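All remarks here apply to the structure that follows.
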Amino acid sequence: MTAQISDIIFYSNNQYSIVALEKELPFHPKNYGLEPQPVSTACYRGYYCEYSLIENQLVLSKLNIGLKEDKPAINGIQPQKGKHFETSGFWEYNDLNIPIDYSGGMVIGSQLILEFYIHMGFQRPHSFKEVFELIIDKGKLIECIDHSKRMEEIRDMIGKKRQSKDTSAISHDDVSRFVEDSFSLSYEKKWF
């Protein structure tokens, strides 16, 4: 299993990974006639997005997508060969600035802590030093809640459990659930 490339968001002049969503984001490449192809094990869904908050409005600023066939324009923007996965078929749609009509919570994180990195799926919120929850209504940022301190407390609890050398048996169901949760961005799976 491979760690997945997360969608990112630019907020307050910083770049963050999107690590949990209350609801699925409404953007999907199929809505624009694109068929994403999984051209890397680090991106099973075949695309990843860069979002921005411009004057508190959520927009899709860039789409990175695996394409094999047609490469139509989106809002007049033609795709360019991807810079990060040049040999794998990724294409980039830059400067899209498509408004995203999302309502719900979005947990974002920056400064990944390698001790908590898991090479599978999407990272969990406590794996980041800075963690914020953005509350968005119809694409507009309503509130930003800083959860960084709580994530520090969770990392401390995990560290204490590791030090106790708890050798409790882990069931097959526990492992299966952990793997499934790793590939989800749902609040139910990722948020405490």
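Numbering starts fresh at 1 for the residues of each chain in the structure tokens, the chains themselves are lettered A, B, ... in the order given, and ligands are numbered from 1 as they appear.
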
Using only C-alpha atoms, which residues sit within 12 Å of Gln57 of chain A once same-chain residues fewer than 5 positions away are excluded, as a compact mmCIF listing (two decimals) with all heavy atoms, in the first residue's frame?
```txt
# COMPACT_ATOMS: atom_id res chain seq x y z
N ILE A 9 -4.60 22.91 0.05
CA ILE A 9 -5.31 24.18 0.05
C ILE A 9 -4.33 25.27 0.49
O ILE A 9 -3.52 25.05 1.39
CB ILE A 9 -6.56 24.14 0.95
CG1 ILE A 9 -7.35 25.45 0.83
CG2 ILE A 9 -6.21 23.82 2.39
CD1 ILE A 9 -8.77 25.38 1.41
N PHE A 10 -4.41 26.38 -0.18
CA PHE A 10 -3.63 27.56 0.20
C PHE A 10 -4.55 28.44 1.04
O PHE A 10 -5.61 28.86 0.58
CB PHE A 10 -3.12 28.30 -1.03
CG PHE A 10 -2.08 27.52 -1.77
CD1 PHE A 10 -2.44 26.67 -2.82
CD2 PHE A 10 -0.75 27.59 -1.41
CE1 PHE A 10 -1.49 25.93 -3.49
CE2 PHE A 10 0.22 26.85 -2.07
CZ PHE A 10 -0.15 26.02 -3.12
N TYR A 11 -4.13 28.64 2.28
CA TYR A 11 -4.92 29.42 3.23
C TYR A 11 -3.98 30.33 4.01
O TYR A 11 -2.94 29.87 4.51
CB TYR A 11 -5.68 28.48 4.19
CG TYR A 11 -6.30 29.18 5.36
CD1 TYR A 11 -7.33 30.10 5.18
CD2 TYR A 11 -5.85 28.94 6.65
CE1 TYR A 11 -7.90 30.75 6.26
CE2 TYR A 11 -6.42 29.60 7.74
CZ TYR A 11 -7.44 30.50 7.54
OH TYR A 11 -8.00 31.15 8.60
N TYR A 51 -6.56 23.72 -4.01
CA TYR A 51 -7.61 24.70 -3.75
C TYR A 51 -6.98 25.93 -3.13
O TYR A 51 -5.88 25.88 -2.59
CB TYR A 51 -8.67 24.13 -2.79
CG TYR A 51 -9.42 22.96 -3.36
CD1 TYR A 51 -8.99 21.65 -3.14
CD2 TYR A 51 -10.57 23.15 -4.12
CE1 TYR A 51 -9.69 20.57 -3.66
CE2 TYR A 51 -11.27 22.07 -4.64
CZ TYR A 51 -10.82 20.79 -4.41
OH TYR A 51 -11.51 19.72 -4.93
N SER A 52 -7.71 27.03 -3.19
CA SER A 52 -7.27 28.27 -2.54
C SER A 52 -8.49 28.93 -1.93
O SER A 52 -9.62 28.73 -2.38
CB SER A 52 -6.65 29.23 -3.57
OG SER A 52 -5.51 28.69 -4.15
N ASN A 97 -9.26 28.62 -11.02
CA ASN A 97 -10.07 29.51 -10.17
C ASN A 97 -11.57 29.27 -10.33
O ASN A 97 -12.35 30.20 -10.49
CB ASN A 97 -9.70 30.97 -10.41
CG ASN A 97 -8.27 31.24 -9.96
OD1 ASN A 97 -7.80 30.63 -8.99
ND2 ASN A 97 -7.57 32.11 -10.66
N ILE A 98 -11.96 28.00 -10.26
CA ILE A 98 -13.37 27.61 -10.33
C ILE A 98 -13.96 27.67 -8.92
O ILE A 98 -13.48 26.98 -8.01
CB ILE A 98 -13.51 26.18 -10.89
CG1 ILE A 98 -12.97 26.10 -12.31
CG2 ILE A 98 -14.96 25.71 -10.82
CD1 ILE A 98 -12.89 24.68 -12.86
N PRO A 99 -15.00 28.50 -8.70
CA PRO A 99 -15.63 28.54 -7.37
C PRO A 99 -16.19 27.17 -7.00
O PRO A 99 -16.78 26.47 -7.83
CB PRO A 99 -16.76 29.56 -7.54
CG PRO A 99 -16.37 30.37 -8.74
CD PRO A 99 -15.61 29.43 -9.64
N ILE A 100 -15.98 26.77 -5.74
CA ILE A 100 -16.44 25.48 -5.24
C ILE A 100 -17.51 25.73 -4.19
O ILE A 100 -17.25 26.34 -3.15
CB ILE A 100 -15.27 24.66 -4.64
CG1 ILE A 100 -14.17 24.43 -5.69
CG2 ILE A 100 -15.77 23.35 -4.06
CD1 ILE A 100 -14.59 23.60 -6.89
N ASP A 101 -18.71 25.25 -4.48
CA ASP A 101 -19.86 25.46 -3.60
C ASP A 101 -19.92 24.34 -2.56
O ASP A 101 -20.76 23.46 -2.61
CB ASP A 101 -21.14 25.50 -4.44
CG ASP A 101 -22.35 25.91 -3.62
OD1 ASP A 101 -22.17 26.57 -2.58
OD2 ASP A 101 -23.47 25.56 -4.02
N TYR A 102 -18.99 24.41 -1.60
CA TYR A 102 -18.90 23.40 -0.55
C TYR A 102 -19.44 23.96 0.75
O TYR A 102 -19.17 25.12 1.10
CB TYR A 102 -17.43 22.99 -0.37
CG TYR A 102 -17.20 22.01 0.76
CD1 TYR A 102 -17.54 20.68 0.62
CD2 TYR A 102 -16.62 22.42 1.96
CE1 TYR A 102 -17.31 19.76 1.65
CE2 TYR A 102 -16.39 21.52 2.99
CZ TYR A 102 -16.74 20.19 2.83
OH TYR A 102 -16.52 19.29 3.84
N SER A 103 -20.18 23.14 1.46
CA SER A 103 -20.65 23.50 2.80
C SER A 103 -20.28 22.36 3.74
O SER A 103 -20.66 21.22 3.50
CB SER A 103 -22.16 23.73 2.83
OG SER A 103 -22.50 24.88 2.08
N LEU A 134 -11.53 24.27 9.04
CA LEU A 134 -12.20 25.38 8.35
C LEU A 134 -13.68 25.04 8.24
O LEU A 134 -14.04 23.94 7.81
CB LEU A 134 -11.61 25.57 6.95
CG LEU A 134 -10.10 25.76 6.84
CD1 LEU A 134 -9.68 25.87 5.38
CD2 LEU A 134 -9.64 26.97 7.64
N ILE A 135 -14.52 25.97 8.64
CA ILE A 135 -15.96 25.81 8.50
C ILE A 135 -16.37 26.67 7.31
O ILE A 135 -16.15 27.88 7.30
CB ILE A 135 -16.72 26.25 9.78
CG1 ILE A 135 -16.16 25.54 11.02
CG2 ILE A 135 -18.22 26.02 9.61
CD1 ILE A 135 -16.21 24.02 10.98
N ILE A 136 -16.94 26.00 6.31
CA ILE A 136 -17.25 26.65 5.04
C ILE A 136 -18.74 26.51 4.76
O ILE A 136 -19.33 25.44 4.97
CB ILE A 136 -16.42 26.01 3.90
CG1 ILE A 136 -14.92 26.18 4.20
CG2 ILE A 136 -16.78 26.62 2.54
CD1 ILE A 136 -14.00 25.39 3.31
N ASP A 137 -19.36 27.59 4.30
CA ASP A 137 -20.77 27.57 3.95
C ASP A 137 -20.94 28.13 2.55
O ASP A 137 -20.59 29.29 2.29
CB ASP A 137 -21.59 28.39 4.95
CG ASP A 137 -23.07 28.32 4.69
OD1 ASP A 137 -23.58 27.21 4.40
OD2 ASP A 137 -23.74 29.38 4.76
N LYS A 138 -21.45 27.31 1.65
CA LYS A 138 -21.66 27.69 0.25
C LYS A 138 -20.41 28.30 -0.36
O LYS A 138 -20.46 29.31 -1.06
CB LYS A 138 -22.85 28.63 0.13
CG LYS A 138 -24.15 28.00 0.57
CD LYS A 138 -25.30 28.96 0.52
CE LYS A 138 -26.53 28.27 1.09
NZ LYS A 138 -27.46 29.19 1.70
N GLY A 139 -19.27 27.69 -0.05
CA GLY A 139 -18.01 28.12 -0.62
C GLY A 139 -17.31 29.26 0.11
O GLY A 139 -16.19 29.61 -0.23
N LYS A 140 -17.95 29.81 1.12
CA LYS A 140 -17.37 30.93 1.87
C LYS A 140 -16.85 30.45 3.22
O LYS A 140 -17.55 29.74 3.94
CB LYS A 140 -18.42 32.03 2.15
CG LYS A 140 -18.78 32.84 0.93
CD LYS A 140 -17.71 33.84 0.65
CE LYS A 140 -18.17 34.85 -0.38
NZ LYS A 140 -17.08 35.66 -0.85
N LEU A 141 -15.63 30.86 3.56
CA LEU A 141 -15.06 30.53 4.85
C LEU A 141 -15.80 31.31 5.93
O LEU A 141 -15.88 32.54 5.89
CB LEU A 141 -13.56 30.89 4.89
CG LEU A 141 -12.86 30.65 6.22
CD1 LEU A 141 -12.84 29.17 6.58
CD2 LEU A 141 -11.44 31.22 6.18
N ILE A 142 -16.33 30.58 6.92
CA ILE A 142 -17.09 31.19 8.01
C ILE A 142 -16.25 31.27 9.27
O ILE A 142 -16.29 32.26 10.00
CB ILE A 142 -18.37 30.35 8.30
CG1 ILE A 142 -19.23 30.22 7.05
CG2 ILE A 142 -19.15 30.93 9.46
CD1 ILE A 142 -19.72 31.53 6.47
```

Strand (DSSP E) residues, from DSSP on the backbone, in segment 49-91 of chain A, as JSON, numbers by chain: {"A": [49, 50, 51, 52, 53, 54, 57, 58, 59, 60, 61, 62, 63, 64, 65, 66, 80, 81, 90, 91]}

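Residue nearest Ile18 of chain A within the list A:Ile108, A:Phe128, A:Ile118, A:Met151: A:Ile108 [criterion: smallest interatomic distance, only C-alpha atoms].
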
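Of the listed residues (A:Gly159, A:Gln4, A:Ile145, A:Asn13), A:Asn13 comes nearest to Ile54 of chain A; the distances count only C-alpha atoms.
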
Neighbour list for segment 60-67 of chain A as a PyMOL selection string, cut-off 7 Å, only C-alpha atoms, skip fewer than 5 positions in-chain: chain A and resi 35-39+46-52+89-100

Residue set, segment 55-173 of chain A restricted to helix (DSSP H, G or I), as a PyMOL selection string: chain A and resi 86-88+114-116+125-127+148-163+172-173

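Across A:Val131, A:Ile154, A:Ile77, A:Ala20, the tightest approach to Phe116 of chain A is made by A:Ile154 when counting only C-alpha atoms.
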
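For the atom pair formed by atom CA of Asn14 of chain A and atom CA of Phe132 of chain A, the distance is 12.0 Å, given to one decimal.
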
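Take atom CA of Gln123 of chain A and atom CA of Ile8 of chain A: the distance between them is 12.6 Å.
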
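Residue nearest Gly105 of chain A, chosen from A:Glu22, A:Asp146, A:Asp7, A:Glu69 and counting only C-alpha atoms: A:Glu22.
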
Long-range neighbours of Gly109 of chain A as a PyMOL selection string, 9 Å cut-off, only C-alpha atoms, 5 positions minimum in chain: chain A and resi 15-19+125-133+148

Output C-alpha atoms for every residue in that selection, as a compact mmCIF listing (two decimals), in the first residue's frame.
```txt
# COMPACT_ATOMS: atom_id res chain seq x y z
CA GLN A 15 0.04 25.51 1.99
CA TYR A 16 -1.87 22.80 3.87
CA SER A 17 -2.84 19.19 3.17
CA ILE A 18 -6.55 18.45 3.32
CA VAL A 19 -6.70 15.63 5.87
CA PRO A 125 -4.65 14.93 11.48
CA HIS A 126 -2.38 14.24 14.48
CA SER A 127 0.48 13.61 12.02
CA PHE A 128 0.76 17.38 11.48
CA LYS A 129 2.11 20.08 13.78
CA GLU A 130 -0.38 22.73 12.63
CA VAL A 131 -4.01 21.60 12.31
CA PHE A 132 -7.00 23.81 11.58
CA GLU A 133 -10.65 23.10 10.95
CA SER A 148 -2.93 22.14 16.92
```
